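Following: one structure in C-alpha cells, then a few remarks.
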Amino acid sequence: MSMRIDHVQNLYLSTTGAVNIAGSKEAKVEEKQGLTPQQAKAKLDKIRGYYQHAMNNGYALGAFNFNELISLQGLVEAANKANAPCIFQISQGARKFANEDSLIGMFEAARKQIKVPVMLHLDHGTDCETCLSCIDQGYDSVMIDASKHDFATNVKMTKEVAEYGHARGVFVEGELGKIQGQEDNVISKEQLYTDPDEAAEFVSQTGCDSLAVSVGTKHGNVKFSEDETPALDFDRIKAIQEKIETRLRAEGKLGANEHYPLVLHGASSVPADLIERVNKYVLVPRTLFNQVRSDETVKQEYRDELNKYDKSVKGKGVSEDLYNRAVKEFKMAKINVDTDFRLAYTAAIRDFMINNYPKYTPRDYLKPARQATTEIALRKLDMMNATGKAVGLPMVGDDSVFTATA
Ligand SMILES: [Zn+2]
C-alpha cells in the first residue's frame, strides 16, 4: 500500500472512530488491515439501510455531483435546509479537474457542517483501478460502470469491485444496459434498455448492491428530439425489480421486507425556465438572428450556415412529474441529476456578469452560482419526495446505527 493511500485511509478511519490511532504497535497492525469483518459489515449495513429507508418511505436519495468548493457548499446548504438524506458524488472527470485528495479533503471538512446523512460516492468509475482506489480513500459507495463491455466482462469487473468494496464496508453500484449520452448514435430500445432477466442474472452473479438501469433517461441536455415524447418505461422498471427480487429472495440474499435498489441516471429535466436563463445572454443579436433564420425567402444554404452559428443551449428531458412517479409508485431508490445543475450554475454567472459588468471579484459572481446550486438541489429533493426524511436517521461515518423506528 502506498504512503498516500495509507495517509488518506488513516484520516478516514480516524473520523469513523473505528480504529485506535494512539500509535501503539497493535494499533498500527489494525490500521494496516483496515476494518475487521464485523466493522465492515456494520458499515455496509448502514449504507444499505439508507436505501431501504428511502424505498420503504416513498422517496429517493438525490445524487448530485460536485467539482469544486462552490457547488459543494451549495449542496451542503440544500441538504441541511431540506433535512434530506442524500448522496454527493465525484466523477472521474472531477477527480482529474480538482485533484482527488483535495476533493476528499473538502468533503471531510464539509461533513462538519452537514447535519443530515450524506454519503460520498464515486460516479461512473469505468475501470476497477479507479473504484478500488476510491474504496481505499474512504468513499461510502462507488459505481463501477462496465456497461460498455459485453455481459461477461461487465460481470467480472463488477464482481471484483463488489468483493473488494464489501470487505471494506463500501456499497457498490453496477450498471446494465446503455444509458446514452446525447452524442451517441441512436440504436433500438431493445439493444439499449436493461433486460429484466439479464438484470436478475447480473445482480445474482456480481453481488452489486444497487443497479443503474436504462429505462428512458439519457445523459446531457438533449435527451429527446423535437418529435419524441419524453417518457420513462415504467413497465420495464417494474419487471426489472420483480425479476431481481424474486431471484435474490430464492437465493436467500434479500429479506422478505427488503427491496432491491434501482438507480436512474441522466435524470435532469432540462426545464424551459433553465434553458431560457442560460441562453438569455448568448452574445448574438438573437431576435434578428431568429428572424433571418425563419424567413422562408432566405436561401436554405444561408440558413444552414446560420444554424452553425447558433450557440444557444438546446434541451429536452423527462418532466419532473414522471420522476416523482418513478419514486412514489416504483420505488426508484437513487436519482442522479447533473445537467440541470450545470445549467443553473452557468446561468447565474452569466446573469451576474452581464448585469454587473464593472465587478470582477470572483466572490461576487460565485455567490449567485452557489445560491443557484442550492435552489436546484432543493427543487430536486422535493421532486424525489425526500424533503424532511432525515428525521431520526443515523449520521454517516460514525458508529451510530439504524434504530427500529427509522
Ligand atoms: Zn450517469
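Within each chain, counting starts at residue 1; across the C-alpha cells, chains are named A, B, ... in the order shown, with ligands numbered 1 upward in that order.
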Leaving out Glu68 in chain A and any residue of its chain fewer than 4 positions from it, which residues lie within 12 Å of it when counting only C-alpha atoms, given as a ChimeraX atom specification? /A:72-75,88-91,93-100,102-107,110,366,369-370
May I ask you to write as a PyMOL selection string all residues lying at most 7 Å from ligand 1, with only C-alpha atoms and all ligand atoms counted? chain A and resi 123-124+219+265-266+336
In Å, how far is it from CA of Ala272 in chain A to CA of Ala386 in chain A? 23.6 Å
Of the candidates A:Gly220, A:Gly49, A:Pro85, A:Gly207, which shows the shortest atom-to-atom distance to Leu61 in chain A, using only C-alpha atoms?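 For Leu61 in chain A, the nearest of the candidates is A:Pro85.
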Show which residues sit within 8 Å of Leu211 in chain A, as a ChimeraX atom specification. Count only C-alpha atoms, and ignore same-chain residues fewer than 5 positions away. /A:173-176,203,261-263
Would you output that residue set with C-alpha atoms, as a PDB file, in the first residue's frame?
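New file again.pdb:
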```pdb
ATOM      1  CA  GLU A 173     -23.459   0.258  -7.726  1.00  0.00           C
ATOM      2  CA  GLY A 174     -23.331  -1.510 -11.108  1.00  0.00           C
ATOM      3  CA  GLU A 175     -24.851  -0.636 -14.477  1.00  0.00           C
ATOM      4  CA  LEU A 176     -26.539  -2.832 -17.031  1.00  0.00           C
ATOM      5  CA  VAL A 203     -27.112  -8.908  -9.756  1.00  0.00           C
ATOM      6  CA  PRO A 261     -32.381  -0.548  -5.073  1.00  0.00           C
ATOM      7  CA  LEU A 262     -32.514   0.657  -8.677  1.00  0.00           C
ATOM      8  CA  VAL A 263     -30.814   3.849  -9.844  1.00  0.00           C
TER       9      VAL A 263
END
```
Would you mind listing what lies within 8 Å of range 327-331 of chain A as number ranges by chain, with only C-alpha atoms counted and same-chain residues fewer than 2 positions away left out? A: 55-56, 58-60, 234, 237-238, 261-262, 323-325, 333, 384-385
Please produce an output containing N, CA and C atoms for each residue in the selection, written as a compact mmCIF listing (two decimals), in the first residue's frame.
```txt
# COMPACT_ATOMS: atom_id res chain seq x y z
N MET A 55 -36.68 3.50 0.04
CA MET A 55 -37.68 2.72 -0.71
C MET A 55 -38.92 2.43 0.13
N ASN A 56 -38.71 2.23 1.43
CA ASN A 56 -39.86 1.92 2.29
C ASN A 56 -40.67 3.16 2.66
N GLY A 58 -41.11 5.86 0.42
CA GLY A 58 -41.58 6.56 -0.77
C GLY A 58 -40.77 7.75 -1.23
N TYR A 59 -39.45 7.73 -1.01
CA TYR A 59 -38.62 8.82 -1.55
C TYR A 59 -37.34 8.23 -2.15
N ALA A 60 -36.58 9.07 -2.84
CA ALA A 60 -35.31 8.60 -3.41
C ALA A 60 -34.16 9.41 -2.83
N PHE A 234 -42.07 2.58 -17.42
CA PHE A 234 -42.45 2.11 -16.08
C PHE A 234 -42.64 0.59 -16.02
N ILE A 237 -39.31 -0.93 -15.54
CA ILE A 237 -38.80 -0.74 -14.17
C ILE A 237 -39.40 -1.81 -13.26
N LYS A 238 -40.71 -1.99 -13.38
CA LYS A 238 -41.41 -2.96 -12.54
C LYS A 238 -40.91 -4.39 -12.79
N PRO A 261 -32.44 -1.94 -4.60
CA PRO A 261 -32.38 -0.55 -5.07
C PRO A 261 -32.01 -0.41 -6.56
N LEU A 262 -32.83 0.31 -7.29
CA LEU A 262 -32.51 0.66 -8.68
C LEU A 262 -32.15 2.14 -8.74
N TYR A 323 -40.53 11.67 -12.83
CA TYR A 323 -39.55 11.20 -11.84
C TYR A 323 -40.24 10.98 -10.49
N ASN A 324 -41.11 11.92 -10.18
CA ASN A 324 -41.85 11.83 -8.93
C ASN A 324 -42.64 10.53 -8.88
N ARG A 325 -43.23 10.18 -10.01
CA ARG A 325 -43.99 8.92 -10.10
C ARG A 325 -43.06 7.71 -9.97
N ALA A 333 -34.69 4.14 -6.08
CA ALA A 333 -34.00 4.41 -4.82
C ALA A 333 -33.02 5.57 -4.86
N MET A 384 -38.07 14.38 -5.54
CA MET A 384 -37.82 13.00 -5.11
C MET A 384 -38.53 12.66 -3.80
N ASN A 385 -39.34 13.60 -3.33
CA ASN A 385 -40.12 13.39 -2.11
C ASN A 385 -39.22 13.19 -0.88
```
Can you tell me which residues surround Gln205 in chain A at a distance of at most 12 Å, considering only C-alpha atoms, apart from same-chain residues fewer than 4 positions away, and format the answer as a ChimeraX atom specification? /A:151-160,162-163,174,198-201,209,244,247-248,251,253
Residues near range 320-322 of chain A, cut-off 7 Å, only C-alpha atoms, skip fewer than 4 positions along chain, as an MDAnalysis selection string: chainID A and resid 269 326 383
Same residues, C-alpha atoms, output as an mmCIF file, in the first residue's frame:
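Here's the written file selection04.cif:
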```cif
data_model
loop_
_atom_site.group_PDB
_atom_site.id
_atom_site.type_symbol
_atom_site.label_atom_id
_atom_site.label_comp_id
_atom_site.auth_asym_id
_atom_site.auth_seq_id
_atom_site.Cartn_x
_atom_site.Cartn_y
_atom_site.Cartn_z
ATOM 1 C CA SER A 269 -35.477 17.539 -16.709
ATOM 2 C CA ALA A 326 -40.908 6.689 -10.529
ATOM 3 C CA MET A 383 -39.277 16.139 -6.696
#
```
Which polymer residues have any atom within 12 Å of an atom of Lys367 in chain A, counting only C-alpha atoms, with same-chain residues fewer than 2 positions away left out, as a PyMOL selection string? chain A and resi 69-71+73-74+345-346+348-349+352+361-365+369-374
Take the residues from that selection and put them in a file with N, CA and C atoms, as a PDB file, in the first residue's frame.
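Produced file part.pdb, reproduced below:
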```pdb
ATOM      1  N   LEU A  69     -15.378  23.691  -4.623  1.00  0.00           N
ATOM      2  CA  LEU A  69     -15.918  24.103  -3.331  1.00  0.00           C
ATOM      3  C   LEU A  69     -17.296  24.764  -3.410  1.00  0.00           C
ATOM      4  N   ILE A  70     -17.513  25.567  -4.456  1.00  0.00           N
ATOM      5  CA  ILE A  70     -18.755  26.354  -4.536  1.00  0.00           C
ATOM      6  C   ILE A  70     -19.981  25.459  -4.654  1.00  0.00           C
ATOM      7  N   SER A  71     -19.901  24.480  -5.569  1.00  0.00           N
ATOM      8  CA  SER A  71     -21.063  23.602  -5.711  1.00  0.00           C
ATOM      9  C   SER A  71     -21.223  22.726  -4.467  1.00  0.00           C
ATOM     10  N   GLN A  73     -20.540  23.549  -1.376  1.00  0.00           N
ATOM     11  CA  GLN A  73     -21.188  24.373  -0.339  1.00  0.00           C
ATOM     12  C   GLN A  73     -22.670  24.577  -0.625  1.00  0.00           C
ATOM     13  N   GLY A  74     -22.981  24.746  -1.910  1.00  0.00           N
ATOM     14  CA  GLY A  74     -24.385  24.891  -2.302  1.00  0.00           C
ATOM     15  C   GLY A  74     -25.188  23.651  -1.950  1.00  0.00           C
ATOM     16  N   TYR A 345     -26.052  26.832 -12.649  1.00  0.00           N
ATOM     17  CA  TYR A 345     -24.778  27.416 -12.195  1.00  0.00           C
ATOM     18  C   TYR A 345     -24.273  28.430 -13.228  1.00  0.00           C
ATOM     19  N   THR A 346     -24.245  27.995 -14.492  1.00  0.00           N
ATOM     20  CA  THR A 346     -23.743  28.856 -15.561  1.00  0.00           C
ATOM     21  C   THR A 346     -24.676  30.044 -15.802  1.00  0.00           C
ATOM     22  N   ALA A 348     -26.477  31.557 -13.640  1.00  0.00           N
ATOM     23  CA  ALA A 348     -26.296  32.534 -12.560  1.00  0.00           C
ATOM     24  C   ALA A 348     -25.060  33.397 -12.804  1.00  0.00           C
ATOM     25  N   ILE A 349     -23.990  32.771 -13.281  1.00  0.00           N
ATOM     26  CA  ILE A 349     -22.765  33.541 -13.540  1.00  0.00           C
ATOM     27  C   ILE A 349     -22.951  34.467 -14.739  1.00  0.00           C
ATOM     28  N   PHE A 352     -24.989  37.440 -13.714  1.00  0.00           N
ATOM     29  CA  PHE A 352     -24.229  38.385 -12.894  1.00  0.00           C
ATOM     30  C   PHE A 352     -23.253  39.189 -13.754  1.00  0.00           C
ATOM     31  N   THR A 361     -14.671  40.684  -8.882  1.00  0.00           N
ATOM     32  CA  THR A 361     -14.242  39.846  -7.771  1.00  0.00           C
ATOM     33  C   THR A 361     -14.930  38.480  -7.855  1.00  0.00           C
ATOM     34  N   PRO A 362     -14.152  37.402  -7.940  1.00  0.00           N
ATOM     35  CA  PRO A 362     -14.787  36.080  -8.062  1.00  0.00           C
ATOM     36  C   PRO A 362     -15.842  35.802  -7.002  1.00  0.00           C
ATOM     37  N   ARG A 363     -15.625  36.252  -5.774  1.00  0.00           N
ATOM     38  CA  ARG A 363     -16.630  36.002  -4.727  1.00  0.00           C
ATOM     39  C   ARG A 363     -17.993  36.563  -5.127  1.00  0.00           C
ATOM     40  N   ASP A 364     -17.974  37.707  -5.844  1.00  0.00           N
ATOM     41  CA  ASP A 364     -19.238  38.343  -6.226  1.00  0.00           C
ATOM     42  C   ASP A 364     -20.058  37.467  -7.167  1.00  0.00           C
ATOM     43  N   TYR A 365     -19.378  36.856  -8.152  1.00  0.00           N
ATOM     44  CA  TYR A 365     -20.190  36.074  -9.107  1.00  0.00           C
ATOM     45  C   TYR A 365     -20.324  34.600  -8.734  1.00  0.00           C
ATOM     46  N   ALA A 369     -23.847  31.636  -8.054  1.00  0.00           N
ATOM     47  CA  ALA A 369     -23.730  30.264  -8.575  1.00  0.00           C
ATOM     48  C   ALA A 369     -23.987  29.257  -7.446  1.00  0.00           C
ATOM     49  N   ARG A 370     -23.455  29.592  -6.273  1.00  0.00           N
ATOM     50  CA  ARG A 370     -23.664  28.722  -5.106  1.00  0.00           C
ATOM     51  C   ARG A 370     -25.141  28.694  -4.712  1.00  0.00           C
ATOM     52  N   GLN A 371     -25.732  29.884  -4.748  1.00  0.00           N
ATOM     53  CA  GLN A 371     -27.152  30.020  -4.424  1.00  0.00           C
ATOM     54  C   GLN A 371     -28.013  29.222  -5.415  1.00  0.00           C
ATOM     55  N   ALA A 372     -27.648  29.294  -6.696  1.00  0.00           N
ATOM     56  CA  ALA A 372     -28.397  28.573  -7.734  1.00  0.00           C
ATOM     57  C   ALA A 372     -28.294  27.059  -7.509  1.00  0.00           C
ATOM     58  N   THR A 373     -27.120  26.599  -7.073  1.00  0.00           N
ATOM     59  CA  THR A 373     -26.927  25.171  -6.790  1.00  0.00           C
ATOM     60  C   THR A 373     -27.871  24.738  -5.676  1.00  0.00           C
ATOM     61  N   THR A 374     -27.945  25.552  -4.626  1.00  0.00           N
ATOM     62  CA  THR A 374     -28.839  25.234  -3.505  1.00  0.00           C
ATOM     63  C   THR A 374     -30.293  25.159  -3.977  1.00  0.00           C
TER      64      THR A 374
END
```
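Taking CA of Asn355 in chain A and CA of Leu274 in chain A as the two end points, the separation is 17.8 Å.
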Check the smallest atom-to-atom distance from each of A:Ala146, A:Ala344, A:Ala109, A:Leu192 to Thr126 in chain A using only C-alpha atoms, then report the winner.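 For Thr126 in chain A, the nearest of the candidates is A:Ala146.
Between CA of Arg111 in chain A and CA of Glu77 in chain A the interatomic distance comes to 11.6 Å.
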Residue with smallest distance to Lys81 in chain A - pool A:Thr339, A:Ser147, A:Gln113, A:Gln39, counting only C-alpha atoms: A:Gln113
Option closest in space to Ala239 in chain A, from A:Gly62, A:Pro271, A:Gly216, A:Pro196 [counting only C-alpha atoms]: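 Among the listed residues, the smallest separation from Ala239 in chain A belongs to A:Pro196.
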Test item, strand (DSSP E or B) assignment across range 174-278 of chain A, answer as JSON, numbers by chain: {"A": [174, 175, 176, 210, 211, 212, 213, 222, 262, 263, 264]}
